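Scroll down for the structure; my scribbles are underneath it.
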Amino acid sequence: LARFVGGHVPPMTLSCVRWIGAFAMLLPFAWPWLKRDWPALRARLPLMLALSATGFAFNNAISYWALQYTEALNALLIQSSGPLFVALWSLLLFGVRLTPAQFAGIILSLSGVLVIILRGDLAALASIRFNRGDLMFGGAVLSFGLYSALMPYRPKTHQLSLISFTIGCGAVLLLPFSIWEFAAGVRLKPDTLTAATLLYVMIFPSTLAYLFFNRGIALIGPNRAAPFLHLVPVFGSAMAILLLGERLQLYHFAGYALVLAGIAIASRQASARA
């Protein structure tokens with residue numbers, strides 16, 4: 001979607017308006033909890049700003065910007081490395097190592113992602129050409145990995161106060177770049193596609209997805225949650241089959257099986273030890 005509406009909504013404006021809208025929707029529900037949790041949030045302000053910058057401002061803006069220069073296929077391939085970045089940051093910052101089961105699960109689910117993205121033809125990797133957009137998208141994935149690794153060390157607050165605070169700070173951090181984009185003459189087109197896009201990204205990937213993701217990390221930790229990121233191309237290809245008329249192929253079944261098996265291995269082993 002971000003690549004499709006590139007000519008309608010500039011990347012910085014899309015990111016900024018996305019978080020402003022999500023913050024406005026959450027604030028009425030989060031306000032009582034924000035007032036209660038403000039001392040805890042203020043006490044960990046550097047960490048909260050780091051979460052806002054890595055998970056909301058930099059990550060989204062750079063990924064949208066990168067999609068102006070690269071193909072969706074390249075972006076999906078780079079995004080599939082996300083769980084490895086989560087594990088890397090967890091190891092470097094906190095000494096948290098992947099268990100053998102978690103590592104095996106990530107590699108297995110990653111192979112399933114490649115099968116789906118490359119349509120069963122792994123030789124297609126040789127024909128892919130990378131550009132500056134790919135480097136930018138890699139930076140966005142690296143940033144989101146850091147956000148995921150930092151999340152378990154957040155202050156103990158209500159989920160609504162945590163997400164509304166980080167979303168609001170993310171919007172503030174992006175505002176100067178959105179203003180710069182507007183001043184440079186790169187502006188959104190006020191049409192139905194723009195309105196529908198903004199409404200969609202405010203509700204689903206901005207509010208609901210982050211609420212679910214944050215809660216999942218709180219419950220099972222970043223390394224165990226990371227393989228679930230590989231469900232993104234699974235859901236994407238399934239939606240293409242259901243909504244866009246793409247044909248269901250044998251490689252879909254193979255890729256789905258590998259991704260689900262990898263997630264099951266990583267999760268089941270951790271549950272057994274617990």
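Chain labels A, B, ... are given in the sequence in which chains occur in the structure tokens; within each chain residues are numbered consecutively from 1, and ligands are likewise numbered from 1 in the order shown.
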
Set the distance at 10 Å and use only C-alpha atoms: which residues neighbour Leu250 (chain A) once local chain neighbours fewer than 5 positions away are removed? I'd like the list as a VMD selection string. chain A and resid 116 119 to 120 255

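By only C-alpha atoms, and with residues fewer than 5 positions from Val86 (chain A) along its chain excluded, the set lying at most 10 Å from it is A:Ser81, A:Leu91, A:Val141, A:Leu142, A:Ser143, A:Phe144, A:Gly145, A:Leu146, A:Tyr147, A:Ser148, A:Ala149, A:Leu150, A:Pro222, A:Asn223, A:Arg224, A:Ala225, A:Ala226, A:Pro227.
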
Since we have the selection now, will you write its residues out, keeping N, CA, C and O atoms, as a short mmCIF file (atom, residue, chain, number, x, y, z; two decimals), in the first residue's frame?
```cif
data_model
loop_
_atom_site.label_atom_id
_atom_site.label_comp_id
_atom_site.auth_asym_id
_atom_site.auth_seq_id
_atom_site.Cartn_x
_atom_site.Cartn_y
_atom_site.Cartn_z
N SER A 81 14.41 -10.45 7.23
CA SER A 81 15.56 -10.56 8.13
C SER A 81 15.26 -9.94 9.49
O SER A 81 16.13 -9.99 10.39
N LEU A 91 21.10 -9.59 21.93
CA LEU A 91 22.40 -10.12 22.34
C LEU A 91 23.38 -9.00 22.66
O LEU A 91 24.06 -9.01 23.70
N VAL A 141 14.40 -1.71 9.09
CA VAL A 141 14.25 -3.01 9.75
C VAL A 141 15.19 -3.10 10.96
O VAL A 141 14.82 -3.62 12.02
N LEU A 142 16.40 -2.57 10.82
CA LEU A 142 17.34 -2.53 11.94
C LEU A 142 16.78 -1.70 13.10
O LEU A 142 16.90 -2.08 14.27
N SER A 143 16.12 -0.60 12.77
CA SER A 143 15.52 0.26 13.78
C SER A 143 14.39 -0.47 14.50
O SER A 143 14.28 -0.41 15.73
N PHE A 144 13.54 -1.17 13.75
CA PHE A 144 12.43 -1.88 14.38
C PHE A 144 12.93 -3.04 15.25
O PHE A 144 12.33 -3.37 16.26
N GLY A 145 14.05 -3.66 14.84
CA GLY A 145 14.66 -4.69 15.67
C GLY A 145 15.09 -4.14 17.02
O GLY A 145 14.92 -4.79 18.06
N LEU A 146 15.65 -2.93 17.01
CA LEU A 146 16.05 -2.29 18.26
C LEU A 146 14.84 -1.98 19.12
O LEU A 146 14.85 -2.20 20.34
N TYR A 147 13.77 -1.49 18.51
CA TYR A 147 12.52 -1.23 19.25
C TYR A 147 12.03 -2.50 19.92
O TYR A 147 11.65 -2.49 21.11
N SER A 148 12.02 -3.60 19.19
CA SER A 148 11.54 -4.87 19.74
C SER A 148 12.40 -5.35 20.89
O SER A 148 11.89 -5.88 21.89
N ALA A 149 13.73 -5.17 20.76
CA ALA A 149 14.64 -5.61 21.82
C ALA A 149 14.50 -4.75 23.08
O ALA A 149 14.69 -5.24 24.20
N LEU A 150 14.17 -3.46 22.91
CA LEU A 150 14.03 -2.56 24.06
C LEU A 150 12.70 -2.71 24.78
O LEU A 150 12.60 -2.36 25.96
N PRO A 222 10.97 -10.69 23.16
CA PRO A 222 11.23 -10.35 21.76
C PRO A 222 11.75 -11.50 20.92
O PRO A 222 11.35 -11.65 19.77
N ASN A 223 12.65 -12.33 21.46
CA ASN A 223 13.22 -13.41 20.65
C ASN A 223 12.17 -14.45 20.29
O ASN A 223 12.18 -15.00 19.19
N ARG A 224 11.29 -14.74 21.21
CA ARG A 224 10.24 -15.71 20.93
C ARG A 224 9.16 -15.13 20.03
O ARG A 224 8.52 -15.84 19.25
N ALA A 225 8.95 -13.82 20.12
CA ALA A 225 7.94 -13.17 19.29
C ALA A 225 8.43 -12.94 17.87
O ALA A 225 7.63 -12.86 16.93
N ALA A 226 9.75 -12.83 17.69
CA ALA A 226 10.32 -12.43 16.39
C ALA A 226 9.87 -13.30 15.22
O ALA A 226 9.56 -12.76 14.14
N PRO A 227 9.84 -14.64 15.32
CA PRO A 227 9.44 -15.43 14.15
C PRO A 227 8.04 -15.12 13.64
O PRO A 227 7.74 -15.37 12.46
#
```

Can you list, as a PyMOL selection string, every protein, DNA or RNA residue that comes within 12 Å of Leu118 (chain A) when you count only C-alpha atoms, leaving out same-chain residues fewer than 3 positions away? chain A and resi 73-74+76-77+111-115+121-128+233+237+251-252+255

File dump, residues just selected, N, CA and C atoms, as a compact mmCIF listing (two decimals), in the first residue's frame:
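Wrote selection08.txt, looks like this:
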```
# COMPACT_ATOMS: atom_id res chain seq x y z
N LEU A 73 9.11 -6.49 -3.75
CA LEU A 73 9.77 -7.77 -3.57
C LEU A 73 11.05 -7.61 -2.76
N ASN A 74 11.87 -6.62 -3.13
CA ASN A 74 13.09 -6.37 -2.38
C ASN A 74 12.79 -6.03 -0.93
N LEU A 76 10.21 -6.92 0.87
CA LEU A 76 9.78 -8.12 1.60
C LEU A 76 10.97 -9.00 1.96
N LEU A 77 11.92 -9.12 1.03
CA LEU A 77 13.11 -9.93 1.31
C LEU A 77 13.90 -9.34 2.48
N SER A 111 13.10 -19.59 5.66
CA SER A 111 13.10 -20.35 4.41
C SER A 111 11.71 -20.40 3.79
N GLY A 112 10.69 -20.48 4.63
CA GLY A 112 9.32 -20.45 4.12
C GLY A 112 8.97 -19.12 3.49
N VAL A 113 9.45 -18.01 4.11
CA VAL A 113 9.24 -16.69 3.54
C VAL A 113 9.86 -16.60 2.15
N LEU A 114 11.10 -17.10 2.01
CA LEU A 114 11.78 -17.04 0.72
C LEU A 114 11.03 -17.85 -0.33
N VAL A 115 10.50 -19.00 0.05
CA VAL A 115 9.74 -19.82 -0.89
C VAL A 115 8.52 -19.04 -1.40
N ASP A 121 11.03 -20.43 -6.65
CA ASP A 121 12.23 -20.44 -7.50
C ASP A 121 13.36 -19.71 -6.78
N LEU A 122 14.13 -20.44 -5.98
CA LEU A 122 15.20 -19.82 -5.21
C LEU A 122 16.30 -19.26 -6.11
N ALA A 123 16.38 -19.76 -7.35
CA ALA A 123 17.36 -19.22 -8.29
C ALA A 123 17.07 -17.77 -8.64
N ALA A 124 15.84 -17.33 -8.40
CA ALA A 124 15.48 -15.93 -8.69
C ALA A 124 16.26 -14.94 -7.83
N LEU A 125 16.84 -15.42 -6.71
CA LEU A 125 17.66 -14.53 -5.88
C LEU A 125 18.80 -13.92 -6.67
N ALA A 126 19.35 -14.69 -7.63
CA ALA A 126 20.50 -14.21 -8.40
C ALA A 126 20.15 -13.04 -9.30
N SER A 127 18.87 -12.89 -9.65
CA SER A 127 18.47 -11.83 -10.58
C SER A 127 18.05 -10.55 -9.87
N ILE A 128 18.01 -10.57 -8.55
CA ILE A 128 17.57 -9.40 -7.80
C ILE A 128 18.70 -8.38 -7.71
N PRO A 233 4.43 -11.95 5.07
CA PRO A 233 4.24 -12.40 3.68
C PRO A 233 3.23 -13.53 3.54
N SER A 237 0.32 -12.86 0.92
CA SER A 237 0.03 -13.72 -0.23
C SER A 237 -1.38 -14.30 -0.14
N TYR A 251 3.85 -23.80 -4.25
CA TYR A 251 4.85 -23.14 -3.42
C TYR A 251 4.20 -22.39 -2.25
N HIS A 252 2.94 -21.98 -2.40
CA HIS A 252 2.24 -21.36 -1.28
C HIS A 252 2.13 -22.35 -0.11
N GLY A 255 5.59 -22.91 1.46
CA GLY A 255 6.01 -21.76 2.25
C GLY A 255 5.22 -21.62 3.54
```

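Residue nearest Leu260 (chain A) within the list A:Met202, A:Leu174, A:Leu108, A:Ile241: A:Leu108 [criterion: smallest interatomic distance, only C-alpha atoms].
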
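For the atom pair formed by CA of Ile62 (chain A) and CA of Ala240 (chain A), the distance is 25.2 Å, given to one decimal.
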
From the list A:Cys16, A:Leu243, A:Leu258, A:Ala57, which residue is nearest Trp180 (chain A) when using only C-alpha atoms? A:Cys16

Can you list, as a PyMOL selection string, all residues belonging to region 117-194 of chain A that DSSP tags as helix (DSSP H, G or I)? chain A and resi 117+122-127+132-153+159-183+192-194

Do you know which residues are at most 12 Å from Cys169 (chain A) counting only C-alpha atoms, after dropping those on the same chain fewer than 5 positions away, and could you put them as a PyMOL selection string? chain A and resi 16+19-20+22-23+45-58+162-164+174-175

Please, could you write that set of residues out with N, CA and C atoms as a CSV table (one decimal), in the first residue's frame?
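What follows is the written file part30.csv:
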```
chain,number,residue,atom,x,y,z
A,16,CYS,N,3.8,11.0,9.5
A,16,CYS,CA,3.4,12.0,10.6
A,16,CYS,C,1.8,12.0,10.8
A,19,TRP,N,0.5,8.8,12.6
A,19,TRP,CA,0.6,8.8,14.1
A,19,TRP,C,-0.2,9.9,14.8
A,20,ILE,N,-0.4,11.0,14.1
A,20,ILE,CA,-1.3,12.0,14.7
A,20,ILE,C,-2.7,11.5,14.8
A,22,ALA,N,-3.7,8.3,14.8
A,22,ALA,CA,-3.7,7.2,15.8
A,22,ALA,C,-3.7,7.7,17.2
A,23,PHE,N,-2.9,8.8,17.5
A,23,PHE,CA,-2.9,9.4,18.8
A,23,PHE,C,-4.2,10.0,19.2
A,45,LEU,N,12.2,8.6,30.7
A,45,LEU,CA,12.0,9.3,29.5
A,45,LEU,C,13.0,9.0,28.4
A,46,PRO,N,14.3,8.9,28.7
A,46,PRO,CA,15.3,8.5,27.6
A,46,PRO,C,14.9,7.2,26.9
A,47,LEU,N,14.5,6.2,27.6
A,47,LEU,CA,14.0,5.0,27.0
A,47,LEU,C,12.8,5.2,26.2
A,48,MET,N,11.8,6.0,26.7
A,48,MET,CA,10.6,6.2,26.0
A,48,MET,C,10.8,6.9,24.7
A,49,LEU,N,11.7,7.9,24.7
A,49,LEU,CA,12.0,8.6,23.5
A,49,LEU,C,12.7,7.7,22.5
A,50,ALA,N,13.6,6.8,23.0
A,50,ALA,CA,14.2,5.8,22.1
A,50,ALA,C,13.2,4.9,21.5
A,51,LEU,N,12.2,4.4,22.2
A,51,LEU,CA,11.1,3.6,21.7
A,51,LEU,C,10.3,4.4,20.6
A,52,SER,N,10.0,5.6,20.9
A,52,SER,CA,9.3,6.5,20.0
A,52,SER,C,10.0,6.6,18.7
A,53,ALA,N,11.3,6.9,18.8
A,53,ALA,CA,12.1,7.2,17.6
A,53,ALA,C,12.3,5.9,16.8
A,54,THR,N,12.7,4.8,17.4
A,54,THR,CA,13.0,3.6,16.6
A,54,THR,C,11.7,2.9,16.1
A,55,GLY,N,10.7,2.8,17.0
A,55,GLY,CA,9.5,2.0,16.6
A,55,GLY,C,8.5,2.8,15.8
A,56,PHE,N,8.5,4.1,15.9
A,56,PHE,CA,7.4,4.9,15.3
A,56,PHE,C,7.9,6.0,14.3
A,57,ALA,N,8.9,6.7,14.7
A,57,ALA,CA,9.3,7.8,13.8
A,57,ALA,C,10.3,7.3,12.7
A,58,PHE,N,11.5,6.9,13.0
A,58,PHE,CA,12.5,6.5,12.0
A,58,PHE,C,12.0,5.3,11.2
A,162,LEU,N,1.3,3.5,27.5
A,162,LEU,CA,2.5,3.3,26.8
A,162,LEU,C,2.5,3.6,25.4
A,163,ILE,N,1.5,3.1,24.7
A,163,ILE,CA,1.4,3.2,23.2
A,163,ILE,C,1.0,4.6,22.9
A,164,SER,N,0.1,5.3,23.6
A,164,SER,CA,-0.3,6.6,23.3
A,164,SER,C,0.9,7.6,23.4
A,174,LEU,N,8.4,13.5,14.0
A,174,LEU,CA,8.3,13.5,12.5
A,174,LEU,C,7.8,14.8,12.0
A,175,LEU,N,7.2,15.7,12.8
A,175,LEU,CA,6.5,16.9,12.4
A,175,LEU,C,7.5,17.8,11.6
```

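The shortest atom-to-atom distance to Gly133 (chain A), with only C-alpha atoms taken into account, belongs to A:Trp65 out of A:Trp33, A:Trp65, A:Phe235, A:Trp38.
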
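If only C-alpha atoms are the atoms counted, then among A:Leu188, A:Val96, A:Ala183, A:Ile78 the closest residue to Gly139 (chain A) is A:Ile78.
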
Would you tabulate, counting only C-alpha atoms, all residues of region 237-274 of chain A that have an atom at most 7 Å from an atom of region 101-107 of chain A, showing the closest pair of atoms and their distance in Å to one decimal, sorted by chain then ascending number, as a tab-separated table?
```
residue	atom	partner	partner_atom	distance
A:Gly262	CA	A:Gly105	CA	3.8
A:Ile263	CA	A:Gly105	CA	5.7
A:Ile265	CA	A:Gly105	CA	5.4
A:Ala266	CA	A:Gln102	CA	4.3
A:Gln269	CA	A:Ala101	CA	6.3
```
